[in-house]
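Student: Provided herewith: run00.txt, compact mmCIF, C-alpha atoms and all ligand atoms.
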# COMPACT_ATOMS: atom_id res chain seq x y z
CA MET A 68 -17.02 15.44 -28.28
CA THR A 69 -20.14 17.33 -29.41
CA LEU A 70 -23.22 16.21 -27.56
CA ILE A 71 -26.68 16.94 -28.94
CA LEU A 72 -29.88 16.34 -26.97
CA GLY A 73 -32.64 15.04 -29.23
CA ILE A 74 -36.34 15.26 -28.36
CA GLU A 75 -39.14 13.38 -30.16
CA SER A 76 -42.90 13.52 -29.49
CA SER A 77 -44.56 13.44 -32.93
CA CYS A 78 -46.89 10.51 -32.31
CA ASP A 79 -47.18 8.00 -29.46
CA GLU A 80 -43.62 7.76 -28.13
CA THR A 81 -42.13 10.34 -25.78
CA ALA A 82 -38.39 10.13 -26.42
CA ALA A 83 -35.12 11.86 -25.57
CA ALA A 84 -31.54 10.89 -26.44
CA VAL A 85 -27.98 12.13 -26.24
CA VAL A 86 -25.75 11.49 -29.28
CA ASP A 87 -22.08 12.36 -29.72
CA ARG A 88 -21.01 13.85 -33.06
CA GLY A 89 -24.05 12.51 -34.85
CA ARG A 90 -22.84 8.94 -34.48
CA VAL A 91 -22.59 7.44 -31.02
CA ILE A 92 -25.70 6.99 -28.89
CA TRP A 93 -24.93 7.83 -25.26
CA SER A 94 -28.54 7.41 -24.18
CA ASN A 95 -31.83 6.59 -25.90
CA VAL A 96 -34.94 6.80 -23.71
CA ILE A 97 -38.32 5.88 -25.21
CA ALA A 98 -41.54 5.97 -23.20
CA THR A 99 -44.17 4.28 -25.33
CA GLN A 100 -47.89 4.88 -25.00
CA HIS A 101 -48.94 1.57 -26.58
CA GLU A 102 -50.94 0.46 -23.53
CA LEU A 103 -52.85 3.73 -23.50
CA HIS A 104 -54.02 3.37 -27.12
CA GLU A 105 -54.31 -0.42 -27.28
CA ARG A 106 -58.04 -0.67 -26.63
CA TYR A 107 -58.78 1.89 -29.38
CA ARG A 108 -56.55 -0.04 -31.83
CA GLY A 109 -54.94 3.21 -32.91
CA VAL A 110 -53.52 6.45 -31.54
CA VAL A 111 -56.01 8.88 -29.95
CA PRO A 112 -54.44 12.34 -30.47
CA GLU A 113 -55.79 14.00 -27.29
CA LEU A 114 -54.65 11.12 -25.09
CA ALA A 115 -51.24 11.16 -26.81
CA SER A 116 -50.53 14.84 -26.20
CA ARG A 117 -51.63 14.63 -22.58
CA ALA A 118 -49.35 11.64 -21.98
CA HIS A 119 -46.42 13.54 -23.59
CA VAL A 120 -46.99 16.42 -21.16
CA GLU A 121 -46.95 14.00 -18.23
CA LYS A 122 -43.80 12.18 -19.31
CA ILE A 123 -41.52 14.58 -21.15
CA GLU A 124 -39.62 16.07 -18.20
CA ALA A 125 -38.82 12.68 -16.70
CA VAL A 126 -37.80 11.26 -20.10
CA ILE A 127 -35.36 14.13 -20.75
CA ALA A 128 -33.95 13.87 -17.21
CA LYS A 129 -33.40 10.13 -17.72
CA ALA A 130 -31.63 10.70 -21.06
CA LEU A 131 -29.15 13.04 -19.34
CA GLU A 132 -28.77 10.67 -16.38
CA ASP A 133 -28.12 7.62 -18.61
CA ALA A 134 -25.55 9.64 -20.57
CA GLU A 135 -24.03 10.76 -17.24
CA ILE A 136 -23.98 14.40 -18.29
CA GLY A 137 -25.57 17.69 -17.28
CA TYR A 138 -27.20 20.43 -19.37
CA ASP A 139 -23.87 22.32 -19.53
CA ASP A 140 -22.27 19.47 -21.48
CA LEU A 141 -24.73 19.87 -24.38
CA SER A 142 -23.83 21.74 -27.56
CA ALA A 143 -27.38 22.02 -28.94
CA ILE A 144 -30.99 20.84 -28.61
CA ALA A 145 -32.57 19.15 -31.64
CA VAL A 146 -36.30 18.50 -31.77
CA GLY A 147 -38.59 16.74 -34.23
CA ASN A 148 -40.93 19.63 -35.09
CA ARG A 149 -42.61 18.16 -38.21
CA PRO A 150 -44.67 16.22 -39.37
CA GLY A 151 -46.92 14.55 -36.80
CA LEU A 152 -49.87 15.07 -34.49
CA ILE A 153 -49.92 18.79 -33.82
CA GLY A 154 -50.73 18.60 -30.09
CA SER A 155 -48.03 15.96 -29.58
CA LEU A 156 -45.38 17.86 -31.56
CA MET A 157 -46.06 21.01 -29.56
CA VAL A 158 -45.07 19.29 -26.31
CA GLY A 159 -41.60 18.34 -27.56
CA VAL A 160 -41.07 21.66 -29.33
CA SER A 161 -42.03 23.62 -26.19
CA ALA A 162 -39.70 21.54 -24.01
CA ALA A 163 -36.82 21.97 -26.48
CA LYS A 164 -37.35 25.74 -26.67
CA ALA A 165 -37.44 26.05 -22.88
CA ILE A 166 -34.17 24.14 -22.48
CA ALA A 167 -32.41 25.93 -25.35
CA TRP A 168 -33.44 29.30 -23.93
CA ALA A 169 -32.53 28.41 -20.35
CA ILE A 170 -29.03 27.09 -21.15
CA GLY A 171 -28.34 29.48 -24.02
CA LYS A 172 -27.60 26.77 -26.63
CA PRO A 173 -28.81 26.53 -30.25
CA LEU A 174 -32.21 25.06 -31.09
CA ILE A 175 -32.47 22.89 -34.20
CA GLY A 176 -35.80 21.80 -35.74
CA VAL A 177 -35.60 18.43 -37.52
CA ASP A 178 -37.98 16.71 -39.94
CA HIS A 179 -39.10 13.43 -38.35
CA VAL A 180 -39.36 11.51 -41.65
CA ARG A 181 -35.94 12.63 -42.88
CA SER A 182 -34.42 11.74 -39.52
CA HIS A 183 -35.57 8.12 -39.97
CA LEU A 184 -33.08 8.07 -42.87
CA TYR A 185 -30.29 8.92 -40.47
CA ALA A 186 -30.92 6.06 -38.01
CA GLY A 187 -28.66 3.68 -39.99
CA ALA A 188 -25.67 5.98 -39.34
CA LEU A 189 -25.94 5.62 -35.55
CA THR A 190 -23.89 3.25 -33.44
CA ASP A 191 -24.42 2.09 -29.88
CA GLY A 192 -22.41 2.61 -26.75
CA LYS A 193 -20.19 5.30 -25.36
CA ILE A 194 -17.06 4.54 -27.37
CA PRO A 195 -14.31 7.07 -28.15
CA LEU A 196 -14.46 8.14 -31.79
CA SER A 197 -11.45 8.76 -34.01
CA ALA A 198 -11.75 11.69 -36.42
CA VAL A 199 -12.37 9.25 -39.28
CA GLU A 200 -15.08 7.39 -37.38
CA ALA A 201 -16.78 10.67 -36.56
CA GLU A 202 -17.32 11.21 -40.30
CA GLU A 203 -20.72 10.20 -41.59
CA PRO A 204 -20.39 6.58 -42.84
CA ILE A 205 -23.00 6.89 -45.59
CA THR A 206 -21.74 7.85 -49.04
CA TYR A 207 -23.85 9.47 -51.75
CA PRO A 208 -25.69 9.48 -54.12
CA GLY A 209 -27.89 7.14 -52.18
CA ILE A 210 -31.41 5.79 -52.29
CA GLY A 211 -33.42 6.78 -49.21
CA LEU A 212 -36.34 4.53 -48.27
CA VAL A 213 -38.75 5.44 -45.45
CA VAL A 214 -41.19 2.68 -44.49
CA SER A 215 -43.28 3.75 -41.51
CA GLY A 216 -46.81 4.02 -40.18
CA GLY A 217 -47.32 7.32 -41.98
CA HIS A 218 -44.95 7.14 -44.95
CA THR A 219 -43.72 4.95 -47.77
CA SER A 220 -41.33 7.23 -49.60
CA VAL A 221 -38.20 7.00 -51.73
CA TYR A 222 -35.62 9.74 -52.03
CA ASP A 223 -32.65 10.53 -54.24
CA MET A 224 -30.16 11.57 -51.56
CA SER A 225 -27.15 13.84 -52.09
CA SER A 226 -26.28 14.08 -48.39
CA ALA A 227 -27.87 13.47 -45.00
CA THR A 228 -29.53 16.87 -45.24
CA VAL A 229 -30.22 17.10 -48.99
CA ALA A 230 -32.75 14.64 -50.42
CA THR A 231 -35.32 14.83 -53.21
CA LEU A 232 -38.58 12.93 -52.88
CA ILE A 233 -39.01 10.80 -56.03
CA GLY A 234 -41.78 8.39 -55.03
CA ARG A 235 -44.41 8.01 -52.33
CA THR A 236 -47.55 6.10 -51.53
CA ILE A 237 -50.68 7.30 -53.27
CA ASP A 238 -52.93 5.81 -50.57
CA ASP A 239 -51.99 3.80 -47.44
CA ALA A 240 -48.48 3.74 -46.00
CA ILE A 241 -46.93 0.29 -45.66
CA GLY A 242 -47.05 0.37 -41.83
CA GLU A 243 -50.67 1.49 -41.97
CA ALA A 244 -51.41 -1.44 -44.32
CA TYR A 245 -49.69 -3.79 -41.83
CA ASP A 246 -51.76 -2.39 -38.97
CA LYS A 247 -55.03 -2.67 -40.93
CA ALA A 248 -54.14 -6.17 -42.14
CA ALA A 249 -53.50 -7.18 -38.53
CA VAL A 250 -57.00 -5.98 -37.58
CA ILE A 251 -58.48 -7.97 -40.50
CA LEU A 252 -56.59 -11.06 -39.26
CA GLY A 253 -57.79 -10.49 -35.67
CA LEU A 254 -54.30 -9.82 -34.29
CA PRO A 255 -53.71 -7.57 -31.26
CA TYR A 256 -52.29 -4.02 -31.37
CA PRO A 257 -49.58 -3.08 -32.34
CA GLY A 258 -50.40 -4.85 -35.58
CA GLY A 259 -47.15 -4.69 -37.57
CA PRO A 260 -44.86 -6.61 -35.22
CA ASN A 261 -47.57 -9.19 -34.41
CA LEU A 262 -48.28 -9.83 -38.08
CA ASP A 263 -44.53 -10.17 -38.73
CA LYS A 264 -44.26 -12.78 -35.96
CA LEU A 265 -47.22 -14.83 -37.21
CA ALA A 266 -46.07 -14.62 -40.84
CA LYS A 267 -42.88 -16.50 -39.95
CA THR A 268 -44.99 -19.56 -39.12
CA GLY A 269 -47.06 -19.50 -42.33
CA ASP A 270 -46.73 -20.56 -45.97
CA PRO A 271 -46.50 -17.48 -48.25
CA SER A 272 -47.29 -19.48 -51.41
CA ARG A 273 -50.73 -20.70 -50.30
CA PHE A 274 -52.58 -17.49 -51.16
CA LYS A 275 -51.74 -15.14 -54.01
CA LEU A 276 -52.08 -11.48 -53.04
CA PRO A 277 -51.50 -8.56 -55.45
CA GLN A 278 -48.35 -6.44 -55.60
CA SER A 279 -49.37 -3.08 -56.98
CA MET A 280 -46.69 -1.64 -59.27
CA LEU A 281 -48.82 1.24 -60.74
CA GLY A 282 -47.65 2.66 -64.13
CA LYS A 283 -44.66 1.08 -65.93
CA GLU A 284 -42.21 3.75 -64.82
CA SER A 285 -43.93 4.76 -61.59
CA LEU A 286 -41.80 5.05 -58.46
CA ASP A 287 -44.92 5.52 -56.31
CA PHE A 288 -46.47 2.92 -54.03
CA SER A 289 -50.04 1.75 -53.43
CA TYR A 290 -51.11 -0.52 -50.59
CA SER A 291 -54.89 -0.15 -50.47
CA GLY A 292 -55.47 -2.89 -53.10
CA LEU A 293 -53.41 -5.39 -51.11
CA LYS A 294 -55.34 -4.60 -47.94
CA THR A 295 -58.72 -5.03 -49.71
CA ALA A 296 -57.59 -8.27 -51.38
CA LEU A 297 -56.67 -9.63 -47.94
CA LEU A 298 -60.05 -8.58 -46.54
CA TYR A 299 -61.87 -10.46 -49.33
CA LYS A 300 -59.70 -13.57 -48.83
CA VAL A 301 -60.60 -13.57 -45.14
CA ARG A 302 -64.28 -12.66 -45.30
CA GLY A 303 -65.35 -13.39 -48.89
CA PHE A 304 -66.95 -10.85 -51.24
CA PRO A 305 -69.33 -8.38 -49.59
CA LYS A 306 -72.96 -7.74 -50.47
CA GLY A 307 -73.57 -4.00 -50.18
CA ARG A 308 -71.02 -1.25 -49.58
CA GLY A 309 -69.28 0.58 -46.75
CA ALA A 310 -70.61 0.09 -43.22
CA ALA A 311 -73.69 -1.73 -44.58
CA ALA A 312 -71.59 -4.44 -46.32
CA VAL A 313 -72.45 -8.03 -45.36
CA TYR A 314 -69.66 -10.57 -45.74
CA GLU A 315 -69.80 -14.33 -46.40
CA ARG A 316 -67.83 -15.24 -43.25
CA SER A 317 -65.82 -13.84 -40.35
CA ILE A 318 -62.27 -14.38 -39.11
CA GLU A 319 -63.57 -16.90 -36.51
CA ASP A 320 -64.50 -19.25 -39.36
CA LEU A 321 -60.85 -19.62 -40.41
CA GLU A 322 -58.40 -22.23 -39.12
CA ALA A 323 -55.31 -20.96 -37.28
CA SER A 324 -53.07 -22.35 -40.07
CA GLU A 325 -55.07 -20.43 -42.69
CA ILE A 326 -54.60 -17.19 -40.74
CA ALA A 327 -50.85 -17.81 -40.50
CA ASP A 328 -50.66 -18.54 -44.25
CA LEU A 329 -52.60 -15.35 -45.01
CA ALA A 330 -50.21 -13.37 -42.80
CA ALA A 331 -47.23 -14.91 -44.63
CA SER A 332 -48.79 -14.14 -48.04
CA PHE A 333 -49.46 -10.55 -47.00
CA GLN A 334 -45.90 -10.14 -45.71
CA ASP A 335 -44.50 -11.60 -48.93
CA ALA A 336 -46.55 -9.21 -51.12
CA ALA A 337 -46.00 -6.10 -48.95
CA THR A 338 -42.22 -6.48 -48.82
CA GLY A 339 -41.86 -7.94 -52.33
CA VAL A 340 -43.25 -4.80 -53.91
CA VAL A 341 -40.72 -2.65 -52.00
CA ILE A 342 -37.81 -4.58 -53.54
CA LYS A 343 -39.32 -4.38 -57.05
CA LYS A 344 -39.74 -0.61 -56.65
CA LEU A 345 -36.19 -0.24 -55.34
CA LYS A 346 -34.92 -1.88 -58.55
CA ARG A 347 -36.84 0.74 -60.55
CA VAL A 348 -35.44 3.52 -58.37
CA TYR A 349 -31.91 2.20 -58.89
CA LYS A 350 -32.43 2.21 -62.68
CA HIS A 351 -34.02 5.66 -62.59
CA MET A 352 -31.09 7.19 -60.68
CA LYS A 353 -28.50 5.38 -62.82
CA ASN A 354 -30.15 6.67 -66.01
CA ASN A 355 -29.92 10.20 -64.55
CA GLY A 356 -26.17 9.81 -64.01
CA ARG A 357 -26.60 9.28 -60.27
CA LYS A 358 -25.80 5.58 -59.82
CA PRO A 359 -26.61 4.84 -56.16
CA LYS A 360 -23.73 3.81 -53.92
CA THR A 361 -25.90 3.24 -50.89
CA LEU A 362 -29.39 2.38 -49.76
CA VAL A 363 -30.44 4.05 -46.51
CA VAL A 364 -33.55 2.64 -44.85
CA GLY A 365 -35.60 3.93 -41.93
CA GLY A 366 -39.01 3.89 -40.26
CA GLY A 367 -40.87 1.38 -38.10
CA VAL A 368 -41.31 -1.22 -40.85
CA SER A 369 -37.51 -1.46 -41.23
CA ALA A 370 -37.84 -3.66 -38.11
CA ASN A 371 -39.67 -6.22 -40.26
CA SER A 372 -37.78 -9.51 -40.42
CA LEU A 373 -38.48 -10.41 -44.06
CA LEU A 374 -37.93 -6.86 -45.32
CA ARG A 375 -34.53 -6.72 -43.56
CA THR A 376 -33.45 -9.99 -45.22
CA ARG A 377 -34.66 -8.86 -48.63
CA LEU A 378 -32.97 -5.46 -48.36
CA VAL A 379 -29.62 -7.11 -47.60
CA GLU A 380 -30.13 -9.40 -50.63
CA PHE A 381 -30.93 -6.33 -52.76
CA GLY A 382 -27.65 -4.76 -51.64
CA HIS A 383 -25.67 -7.87 -52.64
CA ASN A 384 -27.38 -8.16 -56.01
CA MET A 385 -27.09 -4.48 -56.96
CA ASP A 386 -23.68 -3.83 -55.37
CA VAL A 387 -25.10 -1.17 -53.10
CA GLU A 388 -24.06 -0.70 -49.46
CA VAL A 389 -27.18 -1.02 -47.31
CA PHE A 390 -27.72 0.89 -44.04
CA ILE A 391 -30.55 -0.61 -42.00
CA PRO A 392 -31.02 0.79 -38.48
CA SER A 393 -30.36 -1.47 -35.53
CA MET A 394 -33.58 -2.55 -33.86
CA ASN A 395 -33.46 0.06 -31.06
CA VAL A 396 -33.64 2.94 -33.56
CA CYS A 397 -36.08 1.53 -36.18
CA LEU A 398 -39.19 2.76 -34.41
CA ASP A 399 -39.71 6.36 -33.35
CA ASN A 400 -36.82 7.54 -31.19
CA ALA A 401 -34.90 10.72 -30.40
CA ALA A 402 -31.40 9.43 -31.24
CA MET A 403 -32.16 9.84 -34.95
CA ILE A 404 -33.33 13.41 -34.26
CA ALA A 405 -30.10 14.20 -32.37
CA GLY A 406 -28.02 12.48 -35.09
CA LEU A 407 -29.46 14.42 -38.02
CA GLY A 408 -29.55 17.52 -35.80
CA TYR A 409 -25.76 17.28 -35.54
CA ARG A 410 -25.41 17.47 -39.35
CA TYR A 411 -27.43 20.72 -39.25
CA TYR A 412 -25.31 21.86 -36.31
CA LEU A 413 -22.20 21.49 -38.50
CA ASP A 414 -23.91 23.66 -41.15
CA ARG A 415 -24.88 26.14 -38.39
CA ARG A 416 -28.50 25.81 -39.51
CA PHE A 417 -30.13 26.95 -36.28
CA ASP A 418 -33.72 27.94 -35.47
CA ASP A 419 -34.94 30.65 -33.14
CA LEU A 420 -37.61 30.47 -30.46
CA SER A 421 -40.36 31.04 -33.02
CA LEU A 422 -39.79 27.48 -34.38
CA PRO A 423 -43.30 26.13 -35.13
CA ALA A 424 -44.72 22.62 -34.78
CA VAL A 425 -45.94 21.63 -38.26
CA ALA A 426 -48.47 18.81 -38.73
CA THR A 427 -47.88 18.03 -42.43
CA THR A 428 -44.96 18.51 -44.78
CA LYS A 429 -44.60 17.76 -48.47
CA ILE A 430 -41.12 16.23 -48.21
O1 LIG B 501 -41.69 4.90 -37.67
P1 LIG B 501 -42.78 4.49 -36.78
O2 LIG B 501 -42.43 4.11 -35.35
O3 LIG B 501 -43.88 5.60 -36.66
C1 LIG B 501 -44.18 6.44 -37.73
O4 LIG B 501 -43.44 7.43 -37.91
O5 LIG B 501 -45.17 6.09 -38.42
O6 LIG B 501 -43.52 3.28 -37.48
C2 LIG B 501 -44.59 2.60 -36.90
C3 LIG B 501 -45.11 1.54 -37.88
C4 LIG B 501 -46.42 0.92 -37.42
O7 LIG B 501 -47.32 0.93 -38.50
C5 LIG B 501 -46.00 -0.50 -37.04
O8 LIG B 501 -47.03 -1.46 -37.19
C6 LIG B 501 -44.86 -0.75 -38.01
O9 LIG B 501 -44.15 0.48 -38.02
N1 LIG B 501 -43.98 -1.85 -37.60
C7 LIG B 501 -43.84 -3.00 -38.28
C8 LIG B 501 -42.93 -3.80 -37.54
N2 LIG B 501 -42.55 -3.11 -36.43
C9 LIG B 501 -43.20 -1.92 -36.50
N3 LIG B 501 -44.39 -3.41 -39.44
C10 LIG B 501 -44.06 -4.63 -39.89
N4 LIG B 501 -43.21 -5.47 -39.25
C11 LIG B 501 -42.63 -5.09 -38.07
N5 LIG B 501 -41.79 -5.93 -37.45
ZN ZN B 502 -41.62 7.63 -37.43
Will you turn the file into structure tokens for me?
Tutor:
Amino acid sequence: MTLILGIESSCDETAAAVVDRGRVIWSNVIATQHELHERYRGVVPELASRAHVEKIEAVIAKALEDAEIGYDDLSAIAVGNRPGLIGSLMVGVSAAKAIAWAIGKPLIGVDHVRSHLYAGALTDGKIPLSAVEAEEPITYPGIGLVVSGGHTSVYDMSSATVATLIGRTIDDAIGEAYDKAAVILGLPYPGGPNLDKLAKTGDPSRFKLPQSMLGKESLDFSYSGLKTALLYKVRGFPKGRGAAAVYERSIEDLEASEIADLAASFQDAATGVVIKKLKRVYKHMKNNGRKPKTLVVGGGVSANSLLRTRLVEFGHNMDVEVFIPSMNVCLDNAAMIAGLGYRYYLDRRFDDLSLPAVATTKI
């Protein structure tokens, strides 16, 4: 048994979790701030950091209580220290430092985006692990795919801790496109899950929306064209530009069935392009002598129903083992931080109390 406490506060969830040997979730507490930001239709950084301060102690206490352990049972404290909203990150990092210092256990800083790629390795429940089960289940080389509100990135992965970024979005992230598309379609916050739900009731073939593939060999993504195409389908072409633009119609002029069909068409295009890009990534890695054995997926959009189905199909077609996180660890959580933190713990890659919170990273 090696228990790591994970702490996550990079955006609008205050989270803490206890994970055994990087695999078994003993507790996974997530306090979401959705209600706080709902009326602004997006996260307000100052409100987010203040809410983290208010909640973090109780969230950590609950994670220990749910796991039925005390601070002395922990082997290390892992914290998501990058990237994210700086004020929010600082709350989690400060809490983690205080605990690590007070109990004299190692502190481990973890990259939030990379940790999303570890969520598929986690299992639920307090079950005893055999030595074999305690091994990481993912084999490499693998394709890493992060689809979240801030990132759409693909990695060539050599291990849980060694990954090279080989493609990323050049404009909007897929989750951001979902959230903006939901606003265009008049759906409530949080946009992504609501659009997903509505899309299931619509006909994806009614409207044709573009799937941007960029250059012939490009492994990068672009979602701004899809978002604009949806806007024009809903409101017609604008006269004038920017804030002064006047559109032919508004969302209220559309029938409910039309809105559902537009949601389905958007969902089809947004997820379809991911699969097409993954085929390119597979070919790219194979040509470099690194034929992928696995596809590891993470980030909030990995909760998307159509994307999950299509990723499984991709795995069957390409003979690649697919790791998609279970629903409780798709969105931001601290179990993924504790899980990846354990892999660093094995490498004895520890940080000291000068560990910074870092808003942006290139990886
Ligand atoms: O990973 P995450 O919790 O936060 C970031 O690190 O960005 O991802 C949040 C994103 C949001 O854009 C949200 O709308 C999207 O994930 N999302 C979804 C679904 N559930 C969450 N997008 C599409 N379909 C879903 N079911
Ligand atoms: Zn995230």
Student: Compile the contact shell of segment 217-225 of chain A as a PyMOL selection string: residues with an atom at most 10 Å away, counting all atoms listed in the file, same-chain residues fewer than 4 positions apart removed.
Tutor: chain A and resi 150-151+180-181+184+206-213+229-244+286-290+341+344-345+348-349+351-352+357+359+361-364+366-368+430
Student: Compute the set of protein, DNA and RNA residues whose minimum atom distance to ligand LIG 501 (chain B) is at most 10 Å, using all atoms listed in the file, and state it as a PyMOL selection string.
Tutor: chain A and resi 77-80+109+150-151+179-180+183+213-219+240-249+256-264+266+334+337-338+365-375+394+396-400
Student: What is the atom CA of Glu388 of chain A to atom CA of Pro204 of chain A distance in Å?
Tutor: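 A separation of 10.5 Å between them.
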Student: For the atom pair atom CA of Ser142 of chain A and atom CA of Ile205 of chain A, what is the interatomic distance in Å to one decimal place?
Tutor: 23.4 Å
Student: What is the atom CA of Tyr411 of chain A to atom CA of Gly176 of chain A distance in Å?
Tutor: 9.1 Å
Student: From the options A:Met403, A:Leu321, A:Leu265, A:Ala424, which residue's atoms come nearest to ligand ZN 502 (chain B), counting only C-alpha atoms and all ligand atoms?
Tutor: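 Once distances to ligand ZN 502 (chain B) are computed over only C-alpha atoms and all ligand atoms, the minimum belongs to A:Met403.
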Student: Would you please work out which residue, of A:Lys129, A:Arg415, A:Arg106, A:Arg149, is nearest to ligand ZN 502 (chain B) when using all atoms listed in the file?
Tutor: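 Selected residue with least distance to ligand ZN 502 (chain B): A:Arg149.
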Student: With distances taken over only C-alpha atoms, which of A:Ile194, A:Ile74, A:Leu293, A:Ala312 is nearest to Arg90 of chain A?
Tutor: A:Ile194
Student: May I have the residues within 10 Å of segment 156-168 of chain A as a ChimeraX atom specification, using all atoms listed in the file and disregarding those fewer than 5 positions away in the same chain?
Tutor: /A:72-78,81-83,116-121,123-124,127,138,141-151,173-176,418-426
Student: Write out as lines of an AutoDock Vina configuration file an axis-aligned box for segment 83-96 of chain A: all of its atoms listed in the file, 8 Å added on each side, centre and edge lengths in Å with one decimal.
Tutor:
center_x = -28.1
center_y = 10.2
center_z = -29.3
size_x = 30.1
size_y = 23.3
size_z = 27.1
Student: Choose the residue, out of A:Lys193, A:Lys429, A:Arg347, A:Arg108, that has the smallest atom-to-atom separation from Val86 of chain A; count only C-alpha atoms.
Tutor: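 Going through A:Lys193, A:Lys429, A:Arg347, A:Arg108 one by one, the smallest distance to Val86 of chain A is for A:Lys193.
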Student: Restricting the calculation to only C-alpha atoms and all ligand atoms, which member of A:Asp139, A:Asp133, A:Asp270, A:Asp178 is positioned closest to ligand ZN 502 (chain B)?
Tutor: A:Asp178
Student: Quick one: residues within 8 Å of Tyr409 of chain A, only C-alpha atoms counted, chain neighbours fewer than 5 positions away excluded, as an MDAnalysis selection string?
Tutor: chainID A and resid 71 88:89
